[in-house]
Amino acid sequence: MRRSEFLRAVEGEFGGRAMTMLEDLHLPAIGKTPNAALDAGVPPREIWLALCAEADVPESRWYGAGRIDRARR
């Protein structure tokens, strides 16, 4: 997962709360907020999975999130 895919996935899942979650939500599995983890070089996929787990996102929406649907281009 690229950083751009991560950001699309967060926006798609959390909408208007996305930026607040990236800045304020502490992820115990990583020990940082998502933005701090990105800045520290933690892979976006690892952050996405930790964010999904912490925010109780159904597992059916964890994988493939953030990808551009090539068929709709």
# chains A, B, ... in the order shown; residues from 1 in each chain; ligands from 1
call {"tool": "residues_around", "arguments": {"residues": "range 51-58 of chain A", "least_positions_apart": "6", "cutoff": "10 Å", "atoms": "only C-alpha atoms", "output": "list in words"}}
result
Val10, Glu13, Phe14, Met21, Leu22, Leu25, His26, Leu27, Pro28, Ala29, Ile30, Thr33, Pro34 and Arg45 of chain A
call {"tool": "write_last_selection", "arguments": {"atoms": "all heavy atoms", "output": "tab-separated table (two decimals), in the first residue's frame"}}
result
chain	number	residue	atom	x	y	z
A	10	VAL	N	-8.31	6.02	4.14
A	10	VAL	CA	-8.76	6.70	5.36
A	10	VAL	C	-9.90	7.65	5.04
A	10	VAL	O	-10.93	7.67	5.73
A	10	VAL	CB	-7.58	7.43	6.05
A	10	VAL	CG1	-8.08	8.26	7.22
A	10	VAL	CG2	-6.53	6.43	6.51
A	13	GLU	N	-13.09	5.65	4.23
A	13	GLU	CA	-13.68	4.96	5.39
A	13	GLU	C	-14.24	5.94	6.42
A	13	GLU	O	-15.30	5.71	6.99
A	13	GLU	CB	-12.65	4.06	6.05
A	13	GLU	CG	-13.19	3.22	7.19
A	13	GLU	CD	-14.26	2.23	6.76
A	13	GLU	OE1	-14.13	1.59	5.70
A	13	GLU	OE2	-15.25	2.10	7.50
A	14	PHE	N	-13.53	7.03	6.67
A	14	PHE	CA	-13.89	7.90	7.78
A	14	PHE	C	-14.41	9.28	7.37
A	14	PHE	O	-14.85	10.05	8.22
A	14	PHE	CB	-12.68	8.07	8.72
A	14	PHE	CG	-12.20	6.76	9.27
A	14	PHE	CD1	-11.01	6.21	8.83
A	14	PHE	CD2	-12.95	6.07	10.21
A	14	PHE	CE1	-10.57	5.00	9.32
A	14	PHE	CE2	-12.52	4.85	10.71
A	14	PHE	CZ	-11.33	4.31	10.26
A	21	MET	N	-8.67	11.84	12.84
A	21	MET	CA	-8.20	10.51	13.25
A	21	MET	C	-6.70	10.37	12.98
A	21	MET	O	-5.97	9.81	13.79
A	21	MET	CB	-8.99	9.42	12.55
A	21	MET	CG	-10.43	9.39	12.99
A	21	MET	SD	-11.35	8.03	12.32
A	21	MET	CE	-10.92	6.75	13.49
A	22	LEU	N	-6.24	10.86	11.84
A	22	LEU	CA	-4.82	10.76	11.50
A	22	LEU	C	-3.96	11.54	12.50
A	22	LEU	O	-2.85	11.12	12.83
A	22	LEU	CB	-4.56	11.28	10.09
A	22	LEU	CG	-5.11	10.43	8.95
A	22	LEU	CD1	-4.88	11.14	7.62
A	22	LEU	CD2	-4.46	9.06	8.94
A	25	LEU	N	-5.78	10.10	16.88
A	25	LEU	CA	-6.04	8.75	17.37
A	25	LEU	C	-4.73	8.01	17.65
A	25	LEU	O	-3.93	7.76	16.73
A	25	LEU	CB	-6.88	7.95	16.38
A	25	LEU	CG	-7.26	6.54	16.82
A	25	LEU	CD1	-8.17	6.60	18.05
A	25	LEU	CD2	-7.93	5.79	15.70
A	26	HIS	N	-4.51	7.66	18.89
A	26	HIS	CA	-3.32	6.88	19.26
A	26	HIS	C	-3.58	5.42	18.92
A	26	HIS	O	-4.61	4.87	19.30
A	26	HIS	CB	-3.04	7.03	20.76
A	26	HIS	CG	-1.87	6.24	21.21
A	26	HIS	ND1	-0.56	6.65	21.01
A	26	HIS	CD2	-1.79	5.05	21.82
A	26	HIS	CE1	0.26	5.74	21.50
A	26	HIS	NE2	-0.46	4.75	21.99
A	27	LEU	N	-2.64	4.81	18.19
A	27	LEU	CA	-2.76	3.40	17.82
A	27	LEU	C	-1.86	2.58	18.74
A	27	LEU	O	-0.63	2.57	18.57
A	27	LEU	CB	-2.35	3.21	16.36
A	27	LEU	CG	-3.16	4.00	15.33
A	27	LEU	CD1	-2.56	3.83	13.94
A	27	LEU	CD2	-4.61	3.56	15.36
A	28	PRO	N	-2.44	1.89	19.73
A	28	PRO	CA	-1.62	1.12	20.66
A	28	PRO	C	-0.72	0.09	19.98
A	28	PRO	O	0.41	-0.15	20.44
A	28	PRO	CB	-2.65	0.42	21.56
A	28	PRO	CG	-3.86	1.29	21.47
A	28	PRO	CD	-3.86	1.85	20.07
A	29	ALA	N	-1.17	-0.49	18.90
A	29	ALA	CA	-0.38	-1.51	18.20
A	29	ALA	C	0.92	-0.94	17.63
A	29	ALA	O	1.89	-1.67	17.42
A	29	ALA	CB	-1.20	-2.15	17.09
A	30	ILE	N	0.92	0.37	17.38
A	30	ILE	CA	2.09	1.03	16.79
A	30	ILE	C	2.76	1.96	17.81
A	30	ILE	O	3.95	2.23	17.71
A	30	ILE	CB	1.69	1.80	15.52
A	30	ILE	CG1	1.22	0.79	14.47
A	30	ILE	CG2	2.83	2.64	14.98
A	30	ILE	CD1	0.69	1.41	13.21
A	33	THR	N	0.33	8.07	16.76
A	33	THR	CA	-0.81	8.42	15.92
A	33	THR	C	-0.47	8.00	14.49
A	33	THR	O	0.71	7.82	14.16
A	33	THR	CB	-1.10	9.93	15.95
A	33	THR	OG1	0.00	10.61	15.35
A	33	THR	CG2	-1.36	10.43	17.35
A	34	PRO	N	-1.46	7.86	13.62
A	34	PRO	CA	-1.16	7.51	12.23
A	34	PRO	C	-0.19	8.49	11.56
A	34	PRO	O	0.75	8.07	10.88
A	34	PRO	CB	-2.53	7.53	11.55
A	34	PRO	CG	-3.47	7.14	12.65
A	34	PRO	CD	-2.92	7.83	13.86
A	45	ARG	N	0.58	0.30	5.08
A	45	ARG	CA	-0.30	-0.87	5.23
A	45	ARG	C	-0.41	-1.27	6.70
A	45	ARG	O	-1.49	-1.59	7.20
A	45	ARG	CB	0.23	-2.03	4.39
A	45	ARG	CG	-0.60	-3.28	4.48
A	45	ARG	CD	-2.02	-2.97	4.16
A	45	ARG	NE	-2.61	-3.94	3.30
A	45	ARG	CZ	-3.80	-3.78	2.78
A	45	ARG	NH1	-4.47	-2.68	2.98
A	45	ARG	NH2	-4.33	-4.67	2.03
call {"tool": "select_by_dssp", "arguments": {"residues": "chain A", "states": "alpha helix (DSSP H)", "output": "ChimeraX atom specification"}}
result
/A:3-14,18-24,34-39,44-54
call {"tool": "atom_distance", "arguments": {"atom1": "CA of Ala36 in chain A", "atom2": "CA of Arg8 in chain A"}}
result
17.7 Å
call {"tool": "closest_residue", "arguments": {"among": "A:Glu11, A:Glu59, A:Arg17, A:Arg3", "to": "Asp39 in chain A", "atoms": "only C-alpha atoms"}}
result
A:Arg3
call {"tool": "closest_residue", "arguments": {"among": "A:Lys32, A:Ala18, A:Glu23, A:Pro44", "to": "Glu5 in chain A", "atoms": "only C-alpha atoms"}}
result
A:Pro44
